[in-house]
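Okay, so here's the structure we're looking at.
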Amino acid sequence: MTFRGADSETGTLRTVLVHRPGPELARLTPRNNDQLLFDAIPWVSRAQEEHDAFTEALRARGVEVLYLVALLTETLQDPAARHHVIDETTADPRLGLGLRRYLREALADLDPSALATVLTAGLRNDELSGTSTLVTSLLAHEDFLIDPLPNLLFTRDSSFWLPEHVAVTSLAMPARSRETQLTGSIYRFHPRFKDSTVLHGPHREHLEGGDVLLLAPDVIAVGVGERTTPAGCERFAEQVLRHGLARTVLAVPIAQDRATMHLDTIVTMVDVDTVVVYPTMAARLRAHAITWDGEDLHAAPARPFFETAAEAMGIEELHRIDTGLDPVTAEREQWDDGNNTLALAPRVTVAYERNEQTNDRLRDAGIDVVTIPGSELGSGRGGPRCMSCPIDRVSARPPGATTGSAAPTAPPG
Ligand SMILES: NC(=[NH2+])NCCC[C@H](N)C(=O)O
């Protein structure tokens, strides 16, 4: 079975992939949290409660919620998948030969659920029993032999869907690079996904789902900054334009900063023609429109983002609702993912409850805001959009959009 995927940010959401935070969050300490990309040490059980409130809100609106660990455990029932994942996990050069040999066998003996736990929560040196190698004796007790993946919570980044295609990404930060071993294996081996057409891939130029906004069925914006490189954007643009999955890709340079690590920390869509955006950045956002002539990519010089986007989408105006009321509130609420909303349908969106001013503004503009708690979840710097990977959305196009000239397409390359 193949999934419909998504051709917009706001079409009615039918199926979503999430990750309920688990033991991997309990690995965070004040000494490793920076490297593991968390700004605080989350209270794990409260983070789980908050996540359950999030998924309840989704289910209450008819969304099918798929859990990454459940899919991974099912995937690991297939011996070929187990072999593949164990091979990739133990390829880490830090392990050395002896430990690698030992771990390959020890992991192969675990049942699918225990293996999924090690793959997500990692393995500390002092948790290893049954062997001692030169490497294990030289490493500190608390060193990880298999790194934990606390950022799996942000399922948006390690894979994302386009119409009938899924992109497995290539994550820029070392703390996250192993995530795509898991998502890649799910899409490759899980019976529900194994016929999916996969784009990009973990060993390619850096590209993260948080940077990719499906502005309209044939227009995709890609943030280029801390996580997605110019080269990642180029390969992705070529793939989607060639496959006819877009007519225009907009490359949008963003500051290489933690506060703006992905495009979706600055701007997300709440309706087919409306975004919520961080005003401090909005005026400065620019975009290069990239098109394909059947042989080559063409990138136009940078122009103001809002104008370029509206033109590519074939609408008069891309409407904007600003974060916060004043610059200080806007900066606080942007930091707390006030811009990082997940649309469940046009004009219905999920947001963290703490961003009161931004949520009021959205409501004033007629958006139905479904609020969820996020005090613990937010310590990883990600909101409802980052925590969701839409797998199936009803198609949605802005009213009155003109579709412009069709792009020439070529077979997958
Ligand atoms: N799409 C997003 N904005 N994702 C947020 C990811 C947050 C995560 N701690 C990281 O630094 O990678």
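Ordered as shown in the structure tokens, chains take letters A, B, and onward, while each chain numbers its residues from 1 and ligands are numbered from 1 in the order shown.
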Can you tell me which residues sit at most 8 Å away from ligand 1, counting only C-alpha atoms and all ligand atoms, written as an MDAnalysis selection string?
chainID A and resid 36:38 151 154 156:157 173 176 208:211 258 261:265 340 379:383 385:387
For the residues selected in the previous step, produce a file with C-alpha atoms as a PDB file, in the first residue's frame.
ATOM      1  CA  LEU A  36      22.172  16.456  22.440  1.00  0.00           C
ATOM      2  CA  LEU A  37      20.394  19.677  21.382  1.00  0.00           C
ATOM      3  CA  PHE A  38      18.155  20.193  24.426  1.00  0.00           C
ATOM      4  CA  ASN A 151      15.437  14.358  19.208  1.00  0.00           C
ATOM      5  CA  PHE A 154      10.847  15.781  16.260  1.00  0.00           C
ATOM      6  CA  ARG A 156       9.370  16.175  11.074  1.00  0.00           C
ATOM      7  CA  ASP A 157      13.077  16.359  10.535  1.00  0.00           C
ATOM      8  CA  MET A 173      23.908  17.622  13.621  1.00  0.00           C
ATOM      9  CA  ARG A 176      20.749  13.375  15.148  1.00  0.00           C
ATOM     10  CA  GLU A 208      15.940  18.426   7.199  1.00  0.00           C
ATOM     11  CA  GLY A 209      12.144  18.279   7.081  1.00  0.00           C
ATOM     12  CA  GLY A 210      11.784  21.325   9.354  1.00  0.00           C
ATOM     13  CA  ASP A 211      13.142  23.398   6.483  1.00  0.00           C
ATOM     14  CA  ARG A 258      19.654  28.120  17.209  1.00  0.00           C
ATOM     15  CA  MET A 261      17.437  26.424  13.095  1.00  0.00           C
ATOM     16  CA  HIS A 262      14.669  25.513  10.629  1.00  0.00           C
ATOM     17  CA  LEU A 263      12.376  27.526   8.378  1.00  0.00           C
ATOM     18  CA  ASP A 264       9.416  26.201  10.404  1.00  0.00           C
ATOM     19  CA  THR A 265      10.692  28.047  13.493  1.00  0.00           C
ATOM     20  CA  ASN A 340       5.682  26.256  14.850  1.00  0.00           C
ATOM     21  CA  SER A 379      12.828  22.124  26.144  1.00  0.00           C
ATOM     22  CA  GLY A 380      14.076  20.447  22.969  1.00  0.00           C
ATOM     23  CA  ARG A 381      13.132  23.611  21.017  1.00  0.00           C
ATOM     24  CA  GLY A 382      10.409  22.198  18.849  1.00  0.00           C
ATOM     25  CA  GLY A 383       6.651  22.631  18.608  1.00  0.00           C
ATOM     26  CA  ARG A 385       4.949  20.991  13.562  1.00  0.00           C
ATOM     27  CA  CYS A 386       8.363  19.591  14.465  1.00  0.00           C
ATOM     28  CA  MET A 387       6.723  16.780  16.429  1.00  0.00           C
TER      29      MET A 387
END
Near Leu153 of chain A, within 7 Å and counting only C-alpha atoms, which residues show up once chain neighbours fewer than 4 positions away are dropped, as a PyMOL selection string?
chain A and resi 19-21+387
May I have the residues from that selection written out with all heavy atoms, as an mmCIF file, in the first residue's frame?
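Output contents, as saved in out03.cif:
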data_model
loop_
_atom_site.group_PDB
_atom_site.id
_atom_site.type_symbol
_atom_site.label_atom_id
_atom_site.label_comp_id
_atom_site.auth_asym_id
_atom_site.auth_seq_id
_atom_site.Cartn_x
_atom_site.Cartn_y
_atom_site.Cartn_z
ATOM 1 N N HIS A 19 6.548 10.514 17.608
ATOM 2 C CA HIS A 19 7.310 9.691 18.547
ATOM 3 C C HIS A 19 6.986 10.119 19.965
ATOM 4 O O HIS A 19 7.245 11.268 20.344
ATOM 5 C CB HIS A 19 8.811 9.818 18.294
ATOM 6 C CG HIS A 19 9.622 9.127 19.347
ATOM 7 N ND1 HIS A 19 9.550 7.758 19.555
ATOM 8 C CD2 HIS A 19 10.478 9.599 20.293
ATOM 9 C CE1 HIS A 19 10.336 7.428 20.569
ATOM 10 N NE2 HIS A 19 10.898 8.520 21.038
ATOM 11 N N ARG A 20 6.402 9.183 20.751
ATOM 12 C CA ARG A 20 6.143 9.485 22.165
ATOM 13 C C ARG A 20 7.491 9.420 22.887
ATOM 14 O O ARG A 20 8.178 8.399 22.828
ATOM 15 C CB ARG A 20 5.183 8.447 22.745
ATOM 16 C CG ARG A 20 4.809 8.716 24.189
ATOM 17 C CD ARG A 20 3.783 7.685 24.654
ATOM 18 N NE ARG A 20 3.147 8.089 25.897
ATOM 19 C CZ ARG A 20 3.511 7.658 27.106
ATOM 20 N NH1 ARG A 20 4.519 6.818 27.228
ATOM 21 N NH2 ARG A 20 2.867 8.063 28.177
ATOM 22 N N PRO A 21 7.889 10.520 23.556
ATOM 23 C CA PRO A 21 9.213 10.502 24.176
ATOM 24 C C PRO A 21 9.324 9.365 25.182
ATOM 25 O O PRO A 21 8.361 9.050 25.881
ATOM 26 C CB PRO A 21 9.327 11.873 24.849
ATOM 27 C CG PRO A 21 7.945 12.417 24.910
ATOM 28 C CD PRO A 21 7.148 11.762 23.822
ATOM 29 N N MET A 387 7.019 18.077 15.818
ATOM 30 C CA MET A 387 6.723 16.780 16.429
ATOM 31 C C MET A 387 5.814 15.915 15.563
ATOM 32 O O MET A 387 5.271 14.924 16.057
ATOM 33 C CB MET A 387 6.059 16.987 17.795
ATOM 34 C CG MET A 387 6.962 17.651 18.822
ATOM 35 S SD MET A 387 6.258 17.592 20.460
ATOM 36 C CE MET A 387 4.814 18.625 20.281
#
Applying 10 Å and only C-alpha atoms, which residues near segment 274-279 of chain A remain after dropping the ones on its own chain fewer than 6 positions away? List them as a PyMOL selection string.
chain A and resi 10+215+264-268+285+317-327+330-331+333-335+338-341+346-347+358-359+361-362+398
List the spatial neighbours of Ala351 of chain A as a PyMOL selection string - criterion: any atom at most 7 Å away, only C-alpha atoms, same-chain residues fewer than 6 positions off excluded.
chain A and resi 338+341-342+369-372+384
Going by DSSP on the backbone, which residues of segment 42-111 of chain A come out as strand (DSSP E or B)? List them as number ranges by chain.
A: 64-67
Just all heavy atoms for this one: save the residues we selected as a PDB file, in the first residue's frame.
ATOM      1  N   GLU A  64      -5.316   9.616  12.247  1.00  0.00           N
ATOM      2  CA  GLU A  64      -4.702   8.341  12.633  1.00  0.00           C
ATOM      3  C   GLU A  64      -3.264   8.643  13.070  1.00  0.00           C
ATOM      4  O   GLU A  64      -2.495   9.250  12.321  1.00  0.00           O
ATOM      5  CB  GLU A  64      -4.684   7.375  11.441  1.00  0.00           C
ATOM      6  CG  GLU A  64      -4.010   6.049  11.764  1.00  0.00           C
ATOM      7  CD  GLU A  64      -3.676   5.200  10.531  1.00  0.00           C
ATOM      8  OE1 GLU A  64      -3.595   5.763   9.423  1.00  0.00           O
ATOM      9  OE2 GLU A  64      -3.481   3.987  10.694  1.00  0.00           O
ATOM     10  N   VAL A  65      -2.932   8.223  14.303  1.00  0.00           N
ATOM     11  CA  VAL A  65      -1.608   8.530  14.845  1.00  0.00           C
ATOM     12  C   VAL A  65      -0.745   7.271  14.822  1.00  0.00           C
ATOM     13  O   VAL A  65      -1.108   6.254  15.417  1.00  0.00           O
ATOM     14  CB  VAL A  65      -1.726   9.059  16.298  1.00  0.00           C
ATOM     15  CG1 VAL A  65      -0.344   9.311  16.897  1.00  0.00           C
ATOM     16  CG2 VAL A  65      -2.572  10.330  16.337  1.00  0.00           C
ATOM     17  N   LEU A  66       0.367   7.312  14.125  1.00  0.00           N
ATOM     18  CA  LEU A  66       1.293   6.174  14.088  1.00  0.00           C
ATOM     19  C   LEU A  66       2.507   6.521  14.942  1.00  0.00           C
ATOM     20  O   LEU A  66       3.022   7.640  14.870  1.00  0.00           O
ATOM     21  CB  LEU A  66       1.761   5.902  12.653  1.00  0.00           C
ATOM     22  CG  LEU A  66       0.674   5.635  11.610  1.00  0.00           C
ATOM     23  CD1 LEU A  66       1.316   5.375  10.250  1.00  0.00           C
ATOM     24  CD2 LEU A  66      -0.188   4.444  12.021  1.00  0.00           C
ATOM     25  N   TYR A  67       2.939   5.556  15.744  1.00  0.00           N
ATOM     26  CA  TYR A  67       4.089   5.781  16.621  1.00  0.00           C
ATOM     27  C   TYR A  67       5.350   5.173  16.028  1.00  0.00           C
ATOM     28  O   TYR A  67       5.345   4.004  15.610  1.00  0.00           O
ATOM     29  CB  TYR A  67       3.829   5.165  17.997  1.00  0.00           C
ATOM     30  CG  TYR A  67       2.843   5.974  18.800  1.00  0.00           C
ATOM     31  CD1 TYR A  67       1.505   5.629  18.840  1.00  0.00           C
ATOM     32  CD2 TYR A  67       3.269   7.096  19.507  1.00  0.00           C
ATOM     33  CE1 TYR A  67       0.600   6.378  19.574  1.00  0.00           C
ATOM     34  CE2 TYR A  67       2.370   7.851  20.239  1.00  0.00           C
ATOM     35  CZ  TYR A  67       1.037   7.493  20.272  1.00  0.00           C
ATOM     36  OH  TYR A  67       0.147   8.240  20.993  1.00  0.00           O
TER      37      TYR A  67
END
Residues near Glu164 of chain A, cut-off 9 Å, only C-alpha atoms, skip fewer than 6 positions along chain, as a ChimeraX atom specification
/A:2-6,196-197
What are the closest atom pairs, with distances in Å to one decimal, for each residue of segment 14-75 of chain A lying within 8 Å of segment 120-126 of chain A, using only C-alpha atoms, rows by chain and rising residue number, as JSON lines?
{"residue": "A:Gly22", "atom": "CA", "partner": "A:Ala121", "partner_atom": "CA", "distance": 7.7}
{"residue": "A:Pro23", "atom": "CA", "partner": "A:Ala121", "partner_atom": "CA", "distance": 5.6}
{"residue": "A:Glu24", "atom": "CA", "partner": "A:Ala121", "partner_atom": "CA", "distance": 3.9}
{"residue": "A:Leu25", "atom": "CA", "partner": "A:Ala121", "partner_atom": "CA", "distance": 7.7}
{"residue": "A:Arg27", "atom": "CA", "partner": "A:Ala121", "partner_atom": "CA", "distance": 7.4}
In segment 125-343 of chain A, DSSP alpha helix (DSSP H) residues written as a PyMOL selection string:
chain A and resi 134-138+155-158+179-189+230-242+279-282+305-313+327-335
Name all residues at most 10 Å from Ala302 of chain A (count only C-alpha atoms; drop same-chain ones fewer than 2 positions away) and give them as number ranges by chain.
A: 250-253, 285-289, 299-300, 304-305, 308
Best match for closeness to Ser170 of chain A among A:His203, A:Arg242, A:Arg393, A:Arg332, counting only C-alpha atoms
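Closest residue, counting only C-alpha atoms: A:His203.
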Who sits within 8 Å of segment 81-84 of chain A, only C-alpha atoms, same chain under 4 positions skipped, as a ChimeraX atom specification:
/A:75-77,88,108,185,189
Please save all heavy atoms of the selected residues as a short mmCIF file (atom, residue, chain, number, x, y, z; two decimals), in the first residue's frame.
data_model
loop_
_atom_site.label_atom_id
_atom_site.label_comp_id
_atom_site.auth_asym_id
_atom_site.auth_seq_id
_atom_site.Cartn_x
_atom_site.Cartn_y
_atom_site.Cartn_z
N THR A 75 8.93 -3.43 12.26
CA THR A 75 9.95 -3.55 11.21
C THR A 75 11.02 -4.57 11.61
O THR A 75 11.47 -5.37 10.78
CB THR A 75 10.62 -2.17 10.97
OG1 THR A 75 9.59 -1.24 10.62
CG2 THR A 75 11.66 -2.22 9.88
N LEU A 76 11.39 -4.55 12.90
CA LEU A 76 12.49 -5.40 13.36
C LEU A 76 12.10 -6.87 13.47
O LEU A 76 12.93 -7.71 13.82
CB LEU A 76 13.02 -4.88 14.70
CG LEU A 76 13.69 -3.50 14.64
CD1 LEU A 76 14.00 -2.98 16.03
CD2 LEU A 76 14.96 -3.55 13.80
N GLN A 77 10.84 -7.17 13.17
CA GLN A 77 10.46 -8.59 13.12
C GLN A 77 11.00 -9.24 11.85
O GLN A 77 11.11 -10.45 11.76
CB GLN A 77 8.94 -8.73 13.21
CG GLN A 77 8.50 -8.74 14.67
CD GLN A 77 7.08 -8.28 14.87
OE1 GLN A 77 6.30 -8.26 13.93
NE2 GLN A 77 6.77 -7.93 16.10
N GLU A 88 24.13 -1.08 10.34
CA GLU A 88 24.33 0.38 10.28
C GLU A 88 24.72 0.95 11.64
O GLU A 88 25.60 1.79 11.74
CB GLU A 88 23.04 1.06 9.80
CG GLU A 88 22.82 0.90 8.31
CD GLU A 88 21.85 1.96 7.78
OE1 GLU A 88 20.84 2.25 8.47
OE2 GLU A 88 22.10 2.47 6.70
N ALA A 108 21.71 -8.92 17.92
CA ALA A 108 20.92 -9.89 17.13
C ALA A 108 20.12 -10.82 18.04
O ALA A 108 19.09 -11.37 17.63
CB ALA A 108 21.85 -10.68 16.22
N SER A 185 14.90 2.60 7.67
CA SER A 185 14.58 1.16 7.72
C SER A 185 13.07 0.93 7.76
O SER A 185 12.57 -0.02 7.16
CB SER A 185 15.20 0.52 8.97
OG SER A 185 16.58 0.73 8.93
N PHE A 189 11.46 -1.44 5.00
CA PHE A 189 11.08 -2.82 5.32
C PHE A 189 9.68 -3.00 5.89
O PHE A 189 9.16 -4.12 5.86
CB PHE A 189 12.07 -3.40 6.36
CG PHE A 189 13.47 -3.55 5.84
CD1 PHE A 189 14.46 -2.63 6.18
CD2 PHE A 189 13.82 -4.61 5.02
CE1 PHE A 189 15.76 -2.77 5.72
CE2 PHE A 189 15.12 -4.77 4.55
CZ PHE A 189 16.10 -3.84 4.90
#
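For the atom pair formed by atom CA of Val328 of chain A and atom CA of Gln357 of chain A, the distance is 11.4 Å, given to one decimal.
Of the residues listed (A:Leu145, A:Leu162, A:Cys389, A:Ala345), A:Ala345 shows the shortest atom-to-atom separation from Val272 of chain A; distances use only C-alpha atoms.
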